[in-house]
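Visitor: The following file, protein.txt, comprises compact mmCIF, C-alpha atoms:
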# COMPACT_ATOMS: atom_id res chain seq x y z
CA MET A 142 16.85 -6.00 10.31
CA ARG A 143 19.14 -3.28 11.59
CA PHE A 144 21.24 -0.49 10.15
CA GLN A 145 24.88 0.23 10.81
CA ASP A 146 27.44 2.81 9.69
CA ALA A 147 29.76 1.55 6.98
CA ALA A 148 33.39 0.84 7.82
CA ARG A 149 35.60 3.91 7.31
CA ASP A 150 38.29 2.48 5.07
CA ALA A 151 40.71 4.74 3.15
CA ARG A 152 38.44 4.97 0.11
CA ALA A 153 35.47 5.89 2.26
CA VAL A 154 37.46 8.63 3.97
CA VAL A 155 38.47 10.14 0.62
CA TYR A 156 34.91 9.93 -0.67
CA ALA A 157 33.59 11.50 2.53
CA GLY A 158 35.75 14.50 1.68
CA ILE A 159 34.03 14.76 -1.70
CA GLN A 160 30.60 14.39 -0.11
CA ALA A 161 31.41 17.19 2.32
CA ASP A 162 32.58 19.60 -0.40
CA PRO A 163 30.28 22.65 -0.46
CA LEU A 164 29.93 22.29 -4.23
CA VAL A 165 28.06 19.01 -3.72
CA ALA A 166 25.52 20.64 -1.42
CA ARG A 167 25.21 23.65 -3.72
CA ALA A 168 24.57 21.56 -6.83
CA ALA A 169 22.20 19.17 -5.08
CA GLY A 170 20.24 22.04 -3.58
CA LEU A 171 19.79 23.64 -6.99
CA LEU A 172 18.86 20.35 -8.64
CA ALA A 173 16.30 19.56 -5.95
CA ALA A 174 14.34 22.60 -7.19
CA ALA A 175 15.06 22.05 -10.88
CA THR A 176 12.89 21.24 -13.85
CA LEU A 177 13.58 18.23 -16.06
CA GLY A 178 15.24 20.51 -18.62
CA GLN A 179 17.51 22.02 -15.99
CA ARG A 180 18.50 18.56 -14.79
CA ILE A 181 19.36 17.57 -18.36
CA LEU A 182 21.47 20.73 -18.57
CA ALA A 183 23.37 19.70 -15.43
CA ARG A 184 23.88 16.19 -16.76
CA ALA A 185 25.22 17.51 -20.07
CA VAL A 186 27.56 20.12 -18.61
CA MET A 187 28.95 17.82 -15.93
CA ASN A 188 29.56 15.22 -18.66
CA GLY A 189 30.78 17.74 -21.20
CA GLU A 190 33.96 18.16 -23.17
CA THR A 191 33.76 21.95 -23.15
CA THR A 192 33.32 24.50 -20.35
CA ASP A 193 32.21 27.47 -22.45
CA ALA A 194 29.17 28.92 -20.67
CA ASP A 195 27.83 30.74 -23.74
CA GLY A 196 28.07 27.55 -25.75
CA TRP A 197 25.95 25.73 -23.19
CA ARG A 198 23.43 28.55 -23.09
CA ALA A 199 23.05 28.20 -26.86
CA THR A 200 22.57 24.45 -26.47
CA PHE A 201 19.58 24.95 -24.18
CA PRO A 202 17.47 27.71 -25.78
CA SER A 203 14.36 26.75 -23.82
CA LEU A 204 16.28 27.59 -20.61
CA PHE A 205 18.34 30.57 -21.77
CA GLY A 206 17.03 31.70 -25.13
CA ALA A 207 14.69 34.32 -26.49
CA THR A 208 11.70 32.23 -25.50
CA ALA A 209 12.51 32.97 -21.85
CA THR A 210 10.88 36.38 -21.76
CA ASP A 211 8.25 36.80 -19.08
CA ALA A 212 8.70 37.24 -15.32
CA THR A 213 8.28 33.55 -14.51
CA ASP A 214 10.86 32.68 -17.11
CA ALA A 215 13.22 35.27 -15.64
CA THR A 216 13.14 33.41 -12.34
CA GLU A 217 13.65 30.11 -14.10
CA ARG A 218 16.45 31.58 -16.16
CA ALA A 219 18.23 32.72 -12.99
CA HIS A 220 17.90 29.18 -11.65
CA SER A 221 19.26 27.79 -14.93
CA GLU A 222 22.21 30.17 -14.66
CA ALA A 223 22.92 28.96 -11.13
CA ILE A 224 22.76 25.33 -12.25
CA LEU A 225 25.03 26.08 -15.20
CA ALA A 226 27.58 27.75 -12.93
CA ALA A 227 27.56 24.86 -10.43
CA SER A 228 27.78 22.29 -13.23
CA LEU A 229 30.72 24.08 -14.82
CA ALA A 230 32.43 24.13 -11.43
CA VAL A 231 32.05 20.34 -11.30
CA ALA A 232 33.27 19.95 -14.89
CA ASP A 233 36.31 22.06 -14.07
CA ARG A 234 37.47 19.53 -11.48
CA GLY A 235 38.92 17.11 -14.05
CA GLU A 236 37.68 13.75 -15.20
CA GLN A 237 38.39 11.48 -12.23
CA VAL A 238 37.31 13.93 -9.56
CA ARG A 239 34.21 15.05 -11.43
CA SER A 240 33.07 11.48 -11.64
CA GLN A 241 33.14 11.27 -7.84
CA PHE A 242 31.39 14.63 -7.55
CA ARG A 243 28.62 13.52 -9.88
CA GLY A 244 27.97 10.44 -7.79
CA ALA A 245 27.99 12.42 -4.56
CA ILE A 246 25.60 15.00 -6.04
CA VAL A 247 23.05 12.35 -7.03
CA GLU A 248 23.21 10.88 -3.53
CA GLU A 249 22.78 14.27 -1.89
CA LEU A 250 19.96 15.14 -4.25
CA ALA A 251 18.13 11.91 -3.39
CA ALA A 252 18.64 12.54 0.33
CA ARG A 253 17.27 16.08 0.04
CA LEU A 254 14.18 14.99 -1.88
CA LEU A 255 13.53 12.21 0.63
CA GLY A 256 13.96 14.72 3.44
CA ARG A 257 10.90 16.56 2.14
CA ARG A 258 8.76 13.50 2.85
CA VAL A 259 10.19 11.99 6.01
CA THR A 260 11.76 13.35 9.18
CA ALA A 261 15.21 14.51 8.15
CA SER A 262 16.91 12.59 10.96
CA THR A 263 15.68 9.29 9.50
CA VAL A 264 17.54 9.90 6.22
CA LYS A 265 21.04 8.44 6.52
CA ARG A 266 24.05 7.98 4.26
CA GLU A 267 26.52 5.16 3.70
CA ARG A 268 24.74 2.58 5.82
CA ARG A 269 24.84 -1.19 5.83
CA ILE A 270 21.77 -3.28 6.52
CA LEU A 271 22.23 -6.35 8.68
CA PHE A 272 19.97 -9.40 8.87
CA ASP A 273 20.10 -12.27 11.32
CA GLY A 274 22.12 -15.19 9.98
CA VAL A 275 23.04 -13.40 6.74
CA ARG A 276 26.54 -12.28 5.92
CA ALA A 277 26.61 -8.51 5.62
CA GLU A 278 27.14 -6.91 2.25
CA ILE A 279 30.48 -5.14 1.92
CA HIS A 280 29.11 -2.14 0.08
CA PRO A 281 26.88 0.24 2.01
CA TYR A 282 23.68 1.72 0.64
CA ASP A 283 24.06 5.29 -0.55
CA VAL A 284 20.93 6.54 1.19
CA THR A 285 18.58 4.90 3.64
CA VAL A 286 15.37 5.96 5.33
CA GLU A 287 15.33 4.32 8.72
CA ARG A 288 11.80 4.19 10.04
CA GLU A 289 10.00 1.48 11.97
CA SER A 290 8.05 -0.75 9.54
CA ALA A 291 8.71 1.58 6.60
CA ALA A 292 12.42 1.47 5.88
CA GLU A 293 13.85 2.35 2.48
CA ALA A 294 17.24 1.68 0.87
CA TYR A 295 18.61 3.48 -2.18
CA ASP A 296 21.57 3.09 -4.43
CA CYS A 297 22.31 6.10 -6.62
CA LYS A 298 23.84 6.16 -10.08
CA TRP A 299 24.86 8.97 -12.37
CA GLY A 300 23.92 7.10 -15.53
CA ALA A 301 21.95 4.10 -16.72
CA ARG A 302 25.19 2.28 -17.37
CA GLY A 303 25.67 2.11 -13.62
CA ILE A 304 22.79 -0.35 -13.41
CA ASN A 305 24.45 -3.75 -13.12
CA ALA A 306 23.95 -7.22 -11.71
CA ASP A 307 25.79 -6.50 -8.45
CA VAL A 308 23.64 -3.58 -7.44
CA LEU A 309 20.41 -5.26 -8.52
CA HIS A 310 21.27 -8.40 -6.53
CA GLN A 311 22.23 -6.37 -3.47
CA LEU A 312 18.98 -4.43 -3.46
CA ASP A 313 16.83 -7.48 -4.13
CA ASP A 314 18.65 -9.54 -1.52
CA ALA A 315 18.04 -6.84 1.08
CA ARG A 316 14.35 -6.70 0.21
CA THR A 317 13.90 -10.47 0.42
CA HIS A 318 15.93 -10.80 3.63
CA ALA A 319 13.78 -8.10 5.18
CA ALA A 320 10.66 -9.97 4.10
CA ASP A 321 12.07 -13.11 5.69
CA GLU A 322 12.12 -11.17 8.96
CA ASP A 323 8.59 -9.88 8.34
CA GLU A 324 9.98 -6.40 7.80
CA ARG A 325 9.06 -4.11 4.95
CA LEU A 326 11.99 -2.61 3.06
CA THR A 327 11.44 -0.51 -0.05
CA VAL A 328 14.46 -0.75 -2.34
CA ALA A 329 15.17 1.54 -5.26
CA LEU A 330 17.79 2.72 -7.68
CA VAL A 331 17.99 6.45 -8.24
CA VAL A 332 19.49 7.08 -11.67
CA PHE A 333 20.29 10.58 -12.93
CA ASP A 334 19.46 9.56 -16.46
CA ALA A 335 16.48 9.22 -18.75
CA ARG A 336 13.85 6.56 -18.21
CA LEU A 337 14.33 5.24 -21.74
CA SER A 338 18.04 4.62 -21.15
CA CYS A 339 17.32 2.89 -17.84
CA THR A 340 14.66 0.71 -19.47
CA VAL A 341 17.13 -0.37 -22.16
CA ARG A 342 19.79 -1.12 -19.56
CA LEU A 343 17.41 -3.09 -17.35
CA GLY A 344 16.13 -5.04 -20.34
CA ALA A 345 19.49 -6.75 -20.67
CA GLN A 346 19.84 -7.60 -16.98
CA THR A 347 19.07 -11.08 -15.72
CA ALA A 348 19.51 -10.18 -12.05
CA PRO A 349 16.20 -9.94 -10.18
CA HIS A 350 14.75 -6.46 -10.22
CA GLU A 351 10.99 -6.92 -10.24
CA GLY A 352 10.83 -5.71 -6.65
CA THR A 353 13.20 -2.79 -7.16
CA ALA A 354 11.85 0.64 -8.02
CA ILE A 355 13.74 2.71 -10.58
CA VAL A 356 13.72 6.47 -10.08
CA THR A 357 14.89 8.37 -13.15
CA LEU A 358 15.42 11.99 -14.18
CA GLU A 359 11.73 12.22 -15.03
CA SER A 360 10.49 10.87 -11.70
CA LEU A 361 13.01 12.26 -9.19
CA ASP A 362 10.52 14.63 -7.60
CA ALA A 363 8.26 11.70 -6.70
CA LEU A 364 10.82 10.76 -4.03
CA ALA A 365 9.40 13.66 -2.04
CA GLY A 366 5.86 12.36 -2.41
CA GLU A 367 5.72 8.71 -1.47
CA PRO A 368 8.01 5.67 -1.36
CA PRO A 369 8.82 4.59 -4.92
CA ARG A 370 7.17 1.46 -6.25
CA PRO A 371 8.55 -1.06 -8.69
CA SER A 372 7.08 -0.65 -12.15
CA GLY A 373 6.45 -4.38 -12.32
CA MET B 271 12.48 31.88 -41.78
CA SER B 272 13.55 29.05 -39.53
CA GLU B 273 14.63 25.64 -40.68
CA THR B 274 12.18 22.76 -40.57
CA ILE B 275 12.56 19.97 -38.04
CA GLN B 276 13.42 17.10 -40.42
CA PRO B 277 16.87 18.31 -41.52
CA VAL B 278 17.75 19.06 -37.91
CA VAL B 279 16.74 15.53 -36.90
CA ASP B 280 18.71 14.14 -39.84
CA ARG B 281 21.87 15.98 -38.77
CA ALA B 282 21.38 14.78 -35.21
CA LEU B 283 20.97 11.18 -36.35
CA GLU B 284 24.11 11.33 -38.49
CA ALA B 285 26.14 12.64 -35.57
CA TYR B 286 24.54 10.06 -33.30
CA GLU B 287 25.76 7.27 -35.60
CA ARG B 288 29.34 8.51 -35.17
CA LEU B 289 28.89 8.59 -31.41
CA ALA B 290 27.50 5.05 -31.36
CA GLU B 291 30.42 3.79 -33.44
CA LEU B 292 32.80 5.28 -30.89
CA GLY B 293 30.89 3.70 -28.00
CA GLU B 294 31.06 0.29 -29.68
CA ALA B 295 34.78 0.26 -28.95
CA VAL B 296 33.88 -0.78 -25.39
CA GLU B 297 33.48 -4.46 -26.22
CA ASP B 298 31.70 -5.42 -22.99
CA GLU B 299 29.02 -2.85 -23.72
CA TRP B 300 28.53 -3.56 -27.43
CA SER B 301 24.99 -4.90 -27.00
CA TYR B 302 23.99 -2.10 -24.65
CA VAL B 303 25.40 0.53 -27.00
CA ASN B 304 23.42 -0.85 -29.89
CA ASP B 305 20.22 -1.32 -27.92
CA LEU B 306 20.52 2.16 -26.44
CA ALA B 307 21.30 3.80 -29.77
CA GLY B 308 18.44 1.91 -31.39
CA ALA B 309 15.93 3.07 -28.79
CA TRP B 310 16.92 6.73 -28.99
CA ARG B 311 17.24 6.66 -32.80
CA GLU B 312 13.66 5.44 -32.92
CA ARG B 313 12.54 8.23 -30.59
CA LEU B 314 14.26 10.91 -32.66
CA SER B 315 12.95 9.44 -35.91
CA GLU B 316 9.41 9.55 -34.52
CA VAL B 317 9.76 13.28 -34.03
CA GLY B 318 10.97 13.68 -37.61
CA ALA B 319 8.09 11.59 -38.91
CA GLN B 320 5.46 13.46 -36.91
CA ARG B 321 6.75 17.03 -37.04
CA GLY B 322 9.39 17.03 -39.75
CA ALA B 323 7.69 19.68 -41.89
CA GLN B 324 7.17 22.07 -38.99
CA SER B 325 9.49 24.97 -38.33
CA THR B 326 11.98 24.48 -35.54
CA PRO B 327 11.42 26.33 -32.25
CA ASP B 328 13.58 29.41 -31.67
CA GLY B 329 17.21 28.51 -31.26
CA ALA B 330 16.71 24.79 -31.89
CA SER B 331 18.90 24.53 -35.01
CA VAL B 332 21.78 26.31 -33.28
CA ALA B 333 21.26 24.21 -30.15
CA VAL B 334 21.39 20.91 -32.03
CA ASP B 335 24.43 21.99 -34.06
CA ARG B 336 26.14 23.03 -30.82
CA ALA B 337 25.32 19.63 -29.28
CA ILE B 338 26.68 17.92 -32.39
CA ALA B 339 29.90 19.92 -32.07
CA GLU B 340 30.13 18.83 -28.43
CA ILE B 341 29.83 15.11 -29.18
CA ASP B 342 32.21 15.37 -32.12
CA LEU B 343 34.89 16.37 -29.60
CA ILE B 344 34.54 13.12 -27.70
CA THR B 345 37.35 10.60 -28.16
CA ASP B 346 36.81 8.42 -25.08
CA PRO B 347 34.41 5.55 -25.87
CA HIS B 348 33.20 5.44 -22.26
CA ARG B 349 32.30 9.11 -22.44
CA ALA B 350 30.57 8.38 -25.74
CA ILE B 351 28.32 5.83 -24.04
CA ASP B 352 27.25 8.40 -21.47
CA TRP B 353 26.45 10.83 -24.29
CA LEU B 354 24.42 8.23 -26.19
CA SER B 355 21.81 8.97 -23.56
CA THR B 356 22.50 12.68 -23.02
CA PHE B 357 22.67 13.87 -26.64
CA PRO B 358 19.17 12.78 -27.72
CA GLN B 359 17.71 14.32 -24.57
CA ILE B 360 19.24 17.66 -25.56
CA VAL B 361 17.95 17.36 -29.12
CA LEU B 362 14.45 16.49 -27.96
CA LEU B 363 14.41 19.35 -25.48
CA ALA B 364 15.55 21.79 -28.17
CA LEU B 365 12.76 20.61 -30.44
CA GLY B 366 10.18 21.13 -27.69
CA GLU B 367 9.74 17.45 -26.93
CA LEU B 368 9.97 15.59 -23.64
CA PRO B 369 12.67 12.94 -23.61
Could you render the structure from this file as structure tokens?
Guide:
Amino acid sequence: MRFQDAARDARAVVYAGIQADPLVARAAGLLAAATLGQRILARAVMNGETTDADGWRATFPSLFGATATDATDATERAHSEAILAASLAVADRGEQVRSQFRGAIVEELAARLLGRRVTASTVKRERRILFDGVRAEIHPYDVTVERESAAEAYDCKWGARGINADVLHQLDDARTHAADEDERLTVALVVFDARLSCTVRLGAQTAPHEGTAIVTLESLDALAGEPPRPSG
Amino acid sequence: MSETIQPVVDRALEAYERLAELGEAVEDEWSYVNDLAGAWRERLSEVGAQRGAQSTPDGASVAVDRAIAEIDLITDPHRAIDWLSTFPQIVLLALGELP
């Protein structure tokens, strides 16, 4: 098993420009230190129809409302304000571009959380995984952790609807090919959506996913703790 | 005196029905839309059943009405599907529940 940079076709070059936009790093950095409620705020605003900041503050009273009164809450409120501002900046980009930003933010967020657990230089982006005698997949993995005997491969999705047969097959194929070479490869989907929605989506999938871990909004921080495990 | 939780949940569920109907326009996702809406409807209904007579937390009624106004602006069925997951999370958070 070996890793390789993905081919730089025209689409990849355009997307690399999105990934390199400072707004992606800013949003991912804020979300890496966010609570579940703040991540739901980001998801809502980046998905939203409106960009009225006061309206969003009213929609999340536990983050911005009168209940946020003591010193701890003041710090959290400042963080919520920063997340709101970054999310509105994404929403302002227009529908097609914001969709690309959202994807890039989830990838960057996953990479940052993984970087808390492993040596940062082992966390890579847009990499293909090659196996002897197996035709390489066209699509690269969004994030990989490239360590001897403890490699990890992640695909990242903004919403549960992004879970589909293609991505589940690709992740499971990589895991089984690695096992064929007596290598251990942890495979996981990182989904910036609620566990319940992911469970519903997975329930209708026939593609193999028993060996694929699903990381959701509720469990994102666990990426920084240990390699994710399939729920069974 | 604040509103109790049950009427807030009821308003959220009514709005959620409209959102689900819009999402059903994506034919390939009809089953997912219905399964997803069913799962979240059940979760919201549980909150109504367990805490319906309690007063809402500060700001919750306004928050849910604001979220309802947001989803009522949606005309794109694909956007509606995304919000079938997001909207109930906002409602639950406003009511002091974990999604």
Visitor: Could you tell me how far atom CA of Pro202 of chain A sits from atom CA of Thr326 of chain B, in Å to one decimal place?
Guide: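 Between these atoms lies a distance of 11.7 Å.
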Visitor: Would you mind telling me which residue in A:Gly274, A:Gly206, A:Pro349, A:Gly256 lies nearest to chain B when using all atoms listed in the file?
Guide: A:Gly206
Visitor: Would you list the contacts of segment 344-357 of chain B as a list in words, taking every protein, DNA or RNA residue within 6 Å and counting all atoms listed in the file, but skipping same-chain residues closer than 4 positions in sequence?
Guide: Leu289, Leu292 and Gly293 of chain B
Visitor: Which of these residues is nearest to chain B, using all atoms listed in the file: A:Thr263, A:Thr200, A:Thr327, A:Ser372?
Guide: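 Smallest distance to chain B is found for A:Thr200.
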Visitor: Quick one: residues within 12 Å of Val356 of chain A, all atoms listed in the file, excluding same-chain residues fewer than 4 positions away - as a ChimeraX atom specification?
Guide: /A:247,251,254,295-301,304,328-337,339-340,360-365,367-372
